[in-house]
Amino acid sequence: MSVAPSRGKLHIEGLTVAFGGVKVLDDVSLTADAGEVLAIIGPNGAGKTTLFNTITGVYAPQSGTVAFDGESLVGRRPSSIVRLGVARTFQNVALFGSMSVWDNLLVGCHHRMRSGIATSVFAPWRATREDRALTAELDELLSTFGLDDVRSSLVSDLPHGINKRVELVRAVAMRPRLLLLDEPTAGLNTLETAEFAEHLQVARRRLDVTIALIEHDMPFVLSSADRIHVLNFGRTVTSGPPAEVAADPRVIEAYLGTTEVAGR
Amino acid sequence: MTDVLQTLVSGVAVGGAYAIVALGFVIVFSATGILNLAQGAFVLVGAYLTLQLGARWGLPFGVALLGSMVLCAVLAVLVERLLLRRLSPRDHGAAVLLTIGVLFVSEAVVESIWGVEAQRLGDPWGLDTVTVLDVAVAESDLWTCLICGVLIVATFLGLQRTRAGLAVRATASDQEAAIAQGIDPRMVMTMTFAAAGAVAAAAGTLLSTGSIGVSSALAATAFSALPAMVLGGTTSPGGAVVGGLLMGLVQQFTALLVPDVAPGLGARFAGVTPYLVLLLVLLIRPQGLFGRRAVARF
């Protein structure tokens, strides 16, 4: 603990984000420790996606701090936050539809690629060596996650369930140390959700990664999260281990609706 | 038969130039959402810069052409950095108006520096011809075909094979997702403007070779690439190339046929044909040959 206690740790303190007069996030504080899976739950409009957008630098907070690895993320450009090792997936699958699965993964590696146009023209051997290393890496990723068959398919031609997985693998290709998953199982059936949970475990084993995920699927949350943070109307309701949170009457009232769903 | 082959070559030459201008339009438009009408300014300025570097300052033509391409790339980046970046990134209407302003200013500046008279470009080909299959073909047309071909291939290789091209394609596909992968949209905008400026300069120069010469009418000529872009589908680089070539061929064959078939239309009717084709395309297939029908889901 004494050596770099902030390594791999997401730390948010007193975060307030407002659009016009509406406070979407109001004094939210949360922490995800290194290697932990933190689930963020709450009804629609609770501010969950806004929280992600603030971490990734898309929105600027009115007040509060966001730090990863001890580095403040507030005021940084999104591209600079990515270089710190923050990757995300989107609620409504943000893949590059007109590009193949392979190219989508290649874009995930974009921030690690060194050779620019100048290298390709003046030192093609160096670009080629980098190409070969990347090709080997992507080949391995595709087979690990069972995407070999669709590597050349256009993403817009593939079913939603596959695309959710492609988006996860693209994030893995970024070699993140903080992975933000926005409703990873939205639109997946029970079988696909179980598959996704397995792939997420594989991803965790490969990467030294801290994960924050927004999710409505409670069985998935209860089985995959180490801790749960509950938001409602932009404020923290509670935070704690899954069993505790699921049993909390305030959570049940705000979000789960009935105890039956929580205990399922 | 002689006429047909000559017209075919000159059609491909003119069309090739339109194609690279249209490529510049398409790449900027798909990556940034801006219809960059200042492209006409770079076509115009590019031709005059080649004239200045080559005919006036005595540099070899190839060097003058390359120099003009580099200068126009820089100029395009300056327009983007100093002017367009000051506008709201979401207000593309304002951006388009601004690029029209740049076009008008460039025409005035070019006329005040180089005059309004058409001038010989000073290209090495002049009015020379080579005989292909017993037909005399303008040497400048063949070189134009070749250079345009090289530039088109280079553009596609750049888009498909380089890291920068990957970033441009990703941004064109989904900007939000591209940002989440660490791609800086401002960098992409700068790169696309530089590329568009460079190819526009080449197109301007090549359109002024041979018997045509350089004049400020070039900016208007370059606008024939706009119908080419729409014909191909506004976001398809391949479509821009096909559209450009078709426009060039339609224009040149119209010029060949009008005096015999319908002399009443007048000698300059050919210049209008790209816009007639544009009207037809918009009526029959508004998404263009290779464009996708715009579908918005909410």
# chains A, B, ... in the order shown; residues from 1 in each chain; ligands from 1
>>> interface_residues(of="chain A", to="chain B", cutoff="6 Å", atoms="only C-alpha atoms", output="list in words")
Ser79, Val82, Ala94, Phe96, Gly108, His111 and Gly116 of chain A
>>> write_last_selection(atoms="N, CA and C atoms", output="PDB file, in the first residue's frame")
ATOM      1  N   SER A  79      -8.265  12.810 -25.911  1.00  0.00           N
ATOM      2  CA  SER A  79      -7.183  11.989 -26.463  1.00  0.00           C
ATOM      3  C   SER A  79      -6.060  11.798 -25.441  1.00  0.00           C
ATOM      4  N   VAL A  82      -7.147   9.120 -22.958  1.00  0.00           N
ATOM      5  CA  VAL A  82      -6.979   7.786 -23.536  1.00  0.00           C
ATOM      6  C   VAL A  82      -5.534   7.328 -23.368  1.00  0.00           C
ATOM      7  N   ALA A  94     -20.756   2.035 -30.088  1.00  0.00           N
ATOM      8  CA  ALA A  94     -20.151   3.011 -30.990  1.00  0.00           C
ATOM      9  C   ALA A  94     -18.976   2.385 -31.716  1.00  0.00           C
ATOM     10  N   PHE A  96     -17.168   1.509 -35.637  1.00  0.00           N
ATOM     11  CA  PHE A  96     -17.086   2.168 -36.925  1.00  0.00           C
ATOM     12  C   PHE A  96     -17.767   1.268 -37.941  1.00  0.00           C
ATOM     13  N   GLY A 108      -8.467   0.764 -32.254  1.00  0.00           N
ATOM     14  CA  GLY A 108      -8.230   0.650 -30.818  1.00  0.00           C
ATOM     15  C   GLY A 108      -6.749   0.726 -30.474  1.00  0.00           C
ATOM     16  N   HIS A 111      -3.681   4.671 -30.633  1.00  0.00           N
ATOM     17  CA  HIS A 111      -2.901   5.550 -29.763  1.00  0.00           C
ATOM     18  C   HIS A 111      -1.554   4.947 -29.388  1.00  0.00           C
ATOM     19  N   GLY A 116       3.868   7.266 -38.292  1.00  0.00           N
ATOM     20  CA  GLY A 116       2.945   8.151 -38.996  1.00  0.00           C
ATOM     21  C   GLY A 116       3.190   8.039 -40.482  1.00  0.00           C
TER      22      GLY A 116
END
>>> select_by_dssp(residues="stretch 82-253 of chain A", states="strand (DSSP E or B)", output="list in words")
Val86, Ala87, Arg88, Thr89, Ser100, Leu154, Leu178, Leu179, Leu180, Leu181, Asp182, Thr210, Ile211, Ala212, Leu213, Ile214, Arg227, Ile228, His229, Val230, Leu231, Asn232, Arg235, Thr236, Val237, Thr238, Ser239 and Gly240 of chain A
>>> write_last_selection(atoms="C-alpha atoms", output="PDB file, in the first residue's frame")
ATOM      1  CA  VAL A  86      -8.670   4.934 -20.031  1.00  0.00           C
ATOM      2  CA  ALA A  87     -10.886   3.026 -22.470  1.00  0.00           C
ATOM      3  CA  ARG A  88     -14.655   2.917 -22.713  1.00  0.00           C
ATOM      4  CA  THR A  89     -17.542   1.261 -24.482  1.00  0.00           C
ATOM      5  CA  SER A 100     -14.249  -4.223 -40.846  1.00  0.00           C
ATOM      6  CA  LEU A 154     -18.192  -5.030 -41.925  1.00  0.00           C
ATOM      7  CA  LEU A 178      -9.197   1.748 -16.483  1.00  0.00           C
ATOM      8  CA  LEU A 179     -12.067   0.308 -18.468  1.00  0.00           C
ATOM      9  CA  LEU A 180     -15.479   2.003 -18.486  1.00  0.00           C
ATOM     10  CA  LEU A 181     -18.325  -0.179 -19.740  1.00  0.00           C
ATOM     11  CA  ASP A 182     -21.614   1.611 -20.375  1.00  0.00           C
ATOM     12  CA  THR A 210      -9.725  -1.455 -12.987  1.00  0.00           C
ATOM     13  CA  ILE A 211     -13.288  -1.653 -14.305  1.00  0.00           C
ATOM     14  CA  ALA A 212     -16.269   0.613 -13.784  1.00  0.00           C
ATOM     15  CA  LEU A 213     -19.481  -0.538 -15.390  1.00  0.00           C
ATOM     16  CA  ILE A 214     -22.958   0.899 -15.711  1.00  0.00           C
ATOM     17  CA  ARG A 227     -18.693  -3.237  -5.209  1.00  0.00           C
ATOM     18  CA  ILE A 228     -21.801  -1.335  -6.229  1.00  0.00           C
ATOM     19  CA  HIS A 229     -22.308   2.409  -6.246  1.00  0.00           C
ATOM     20  CA  VAL A 230     -25.911   3.598  -6.475  1.00  0.00           C
ATOM     21  CA  LEU A 231     -26.874   6.945  -8.002  1.00  0.00           C
ATOM     22  CA  ASN A 232     -30.289   8.597  -8.075  1.00  0.00           C
ATOM     23  CA  ARG A 235     -26.624  11.996  -5.958  1.00  0.00           C
ATOM     24  CA  THR A 236     -25.034   9.019  -4.290  1.00  0.00           C
ATOM     25  CA  VAL A 237     -27.612   6.806  -2.585  1.00  0.00           C
ATOM     26  CA  THR A 238     -25.223   4.260  -1.177  1.00  0.00           C
ATOM     27  CA  SER A 239     -22.100   2.309  -1.947  1.00  0.00           C
ATOM     28  CA  GLY A 240     -20.899  -1.087  -0.789  1.00  0.00           C
TER      29      GLY A 240
END
>>> select_by_dssp(residues="stretch 132-202 of chain A", states="helix (DSSP H, G or I)", output="MDAnalysis selection string")
chainID A and resid 132:144 148:150 155:157 160:173 190:202
>>> residues_around(residues="A:Val74", least_positions_apart="6", cutoff="12 Å", atoms="only C-alpha atoms", output="ChimeraX atom specification")
/A:11-13,15-17,53-68,80-81
>>> atom_distance(atom1="atom CA of B:Ala262", atom2="atom CA of B:Ser215")
28.3 Å
>>> closest_residue(among="B:Phe223, B:Phe156, B:Phe269, B:Phe29", to="B:His92", atoms="only C-alpha atoms")
B:Phe29
>>> atom_distance(atom1="atom CA of B:Val105", atom2="atom CA of B:Leu71")
17.4 Å
>>> residues_around(residues="stretch 61-70 of chain B", least_positions_apart="2", cutoff="6 Å", atoms="only C-alpha atoms", output="list of chain:residue names")
B:Gly46, B:Leu49, B:Thr50, B:Leu53, B:Gly54, B:Leu59, B:Cys72, B:Ala73, B:Ala198, B:Ala201
>>> atom_distance(atom1="atom CA of B:Ile212", atom2="atom CA of B:Leu256")
16.3 Å
